[in-house]
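Asker: Pasting a structure below so you can have a look.
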Amino acid sequence: MRQHRNHTNCHRRRHRHCRETDVNLLIPEGAKKIVLAGNPNTGKSLFFNFLTGVYVEVSNYPGTTLEISSGRYGNDIVFDTPGVYGLSSFNDEERVARDVILGADLVLNVVDAVHLERDLFLTQQIIDTGIPVVIALNMMDEAENQNIKIDIARLADLLGVPVIPTVAVQKKDLHKVAQALPQARRGRITPELQQRLEEYLPKTAGNQGDALLILEGDPAVAQRYGLPPGTARDEIYLQRRNRVDAIVGQVVSSETGRESRSERIDRWMLGPISGWLLLALSLWITFQFIGVFISGTVVGFTEETIMAGWYEPWIRNLITQQIDPQSALGQILIGEFGLLTMTVTYLLGLLLPLVAGFYLMLSIFEDSGYLPRIATLVDRTMNAVGLNGKAVIPLILGFGCVTVATITTRLLGSERERRIAIFLLGLAIPCSAQLGVIAGLLSKVGLGYSLLYGGVIIAVLVGAGTLLKLVVPGRTMDLLINLPPLRLPKLENVLKKTYTKSLGFLVEAAPLFALGALIISALQLTGALGFLQALLAPVTTGWLGLPAQAANAFIMGIIRRDFGAAGLSSMGLNPLQTVVALITITLFVPCIASIMVLFKERSKSEAALMWFSTLIIAFFTGGVVNQLAKLWAAFH
């Protein structure tokens, strides 16, 4: 294997694409490096899946493909890059895409046929680097639906590279793209650039891509050659924009007609009244599916019938034949918090169905194109808490996994927004497994108590966000986001994504659940659990009005929030206690994995302040609700 890693052997290899990069890419000797490139939401990952047979997530929210995916295509290697609008050093996505694309033997550029004037800017920039290119003109069905006609032959002639029309979601003509890869060739560069590039090529050892980026003022590339960054970026961009506009003017024609069905639905989704009504309807359907059907019917079967009815008696009988159930080892394995009883039952019987149900709904939202429309709809509302609409993406992701969502806050445009979003994620956003348990418990306490829970959590979220908006310096960035075409989600993709994420949940959660159960069992066996319950009694029983054993749920919540919430389900709480406990456990500190990421993303002092603040807010809010409810009952 040879590795494109650094610049030290560039002169020895005499390879025009050898370059310094932070992305370590291993490819076999003699293999071609085929790189997929394109704007966000053009369908690159579908081409990657077709060529390599390796599944990667196909999502409509930014940041999904930030990590570079690779796979074999015959004797060659295919790399998928983040969706970007240009090659530069302005953000992580563009830097990674720049380095991988400029190291390619050929580029498969995926272009959205509906937004040709936007996507061809990147296409022309790649062509200007001198790398051989094949263009997959994707979403031709959407262009046809919008009465957009494109002269494919003329487009290929003007750009000087093969152009293949496709409909990737239907796998239409993807085989033609594969067949066209050997015909990849260098295209027609922006005419005004030719002379300038020839002046810089001797300085970059003939590397046209690096010469172009130095001209455009890329400081990282210029530094590699010890040259000052160029100052002609704006001029070059204007020339490239004029060329793209001229090409589009020659190849695209559109016929105006009556509004299509997808355009009409799109308008409803973004309307100031209809948009919120559709969002409320979507959330209600989601709650009915997860909170009623999954948590009631499905979990009733998996937890009670399969796990408690069949599995637990079988495993207890099997273990007691070898180990005394009253011994320390017996208690650890099959006791009240047993590794083989409670842990497995909670994980597989209770949490897994709820997690799978949530990811199924999230996948439908993603693949239909509805998720970025939600971001657009809520932009003004998010401004109230110091964020823009794009922040709804990590917040919604937080309902799947707060740990992953914390990492995706990197896509936000400013340090201020990242700081606010991370705190709100750790404070008031329950993860999918915890949310499923919450939905199941709320379905048993009635509408009034459910509204109380939701109202308190929203009030805390808004209050904390508003306060942070006032005290955290900086300003909210304007929303810039793509709206991909609305589509019916493909069942195969939705099921694959649900399976992949649910499996990831099991892989991540199982060791932490086992650790949590082991810690609780050890505390119980040593008597420390009773000591902690007594220590926390003034808070749990006095201030919160909960049973003393509720302390177990809070202790477990530090290991896994969902494990803590699940621990409440067997305590026989009354409706008020259920709501108070759920409010507290929702606002409680995030799990160990989230805490680790929190300390990685923020400074130690800032992360500790966030962590301690959520702890105080959780117990304070839960106690206030309990005390106010008692006062209300006393006067009524």
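Ligands are numbered from 1 in the order shown, residues from 1 within each chain, and chains are lettered A, B, ... in the order they appear in the structure tokens.
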Which residues are close to Ala246 in chain A, i.e. within 12 Å by only C-alpha atoms, leaving aside same-chain residues fewer than 2 positions away? Reply as a list of chain:residue names.

Answerer: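 In the requested format, the answer is A:Leu116, A:Glu117, A:Leu120, A:Phe121, A:Leu155, A:Leu158, A:Leu159, A:Thr190, A:Gln239, A:Arg240, A:Arg241, A:Asn242, A:Arg243, A:Val244, A:Val248, A:Gly249, A:Gln250, A:Val251, A:Val252.
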
Asker: Suppose you want the space between CA of Pro82 in chain A and CA of Val507 in chain A; what is it in Å?

Answerer: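 Distance reported for this atom pair: 25.8 Å.
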
Asker: Wanna dump the range 201-273 of chain A-range 354-377 of chain A contacts at 10 Å for me, each residue with its shortest atom pair and the distance in Å to one decimal, counting only C-alpha atoms, ordered by chain and number, as a tab-separated table?

Answerer:
residue	atom	partner	partner_atom	distance
A:Asp266	CA	A:Arg373	CA	8.3
A:Met269	CA	A:Arg373	CA	7.0
A:Leu270	CA	A:Leu377	CA	5.7
A:Gly271	CA	A:Leu377	CA	7.8
A:Pro272	CA	A:Leu377	CA	7.7

Asker: With C-alpha atoms retained, write the just-selected residues as a CSV table (one decimal), in the first residue's frame.

Answerer:
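The new file selection20.csv reads:
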chain,number,residue,atom,x,y,z
A,266,ASP,CA,-42.9,22.8,-0.5
A,269,MET,CA,-44.1,23.4,4.5
A,270,LEU,CA,-42.5,26.8,4.6
A,271,GLY,CA,-45.7,28.9,5.0
A,272,PRO,CA,-45.9,30.9,8.3

Asker: Looking at only C-alpha atoms, which of A:Gly567, A:Glu312, A:Thr541, A:Val437 is the one that sits closest to Ala553 in chain A?

Answerer: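 Using only C-alpha atoms, the shortest distance to Ala553 in chain A belongs to A:Gly567.
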
Asker: Tell me which of A:Ile265, A:Ile126, A:Ala459, A:Val114 sits closest to Pro165 in chain A, counting only C-alpha atoms.

Answerer: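 Ranked by minimum distance to Pro165 in chain A, first place goes to A:Val114.
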
Asker: Taking 4 positions as the minimum chain separation for residues in the same chain, which residues sit within 12 Å of Ala428 in chain A when counting only C-alpha atoms? Answer as a PyMOL selection string.

Answerer: chain A and resi 395-396+398-399+402+421-424+434-435+453-465+561+582-590+613-615+617-618+621

Asker: Rank nothing, just name the residue among A:Ile294, A:Ile127, A:Val163, A:Ala280 nearest to Gln208 in chain A, using only C-alpha atoms.

Answerer: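 Smallest separation from Gln208 in chain A among the options: A:Ile127.
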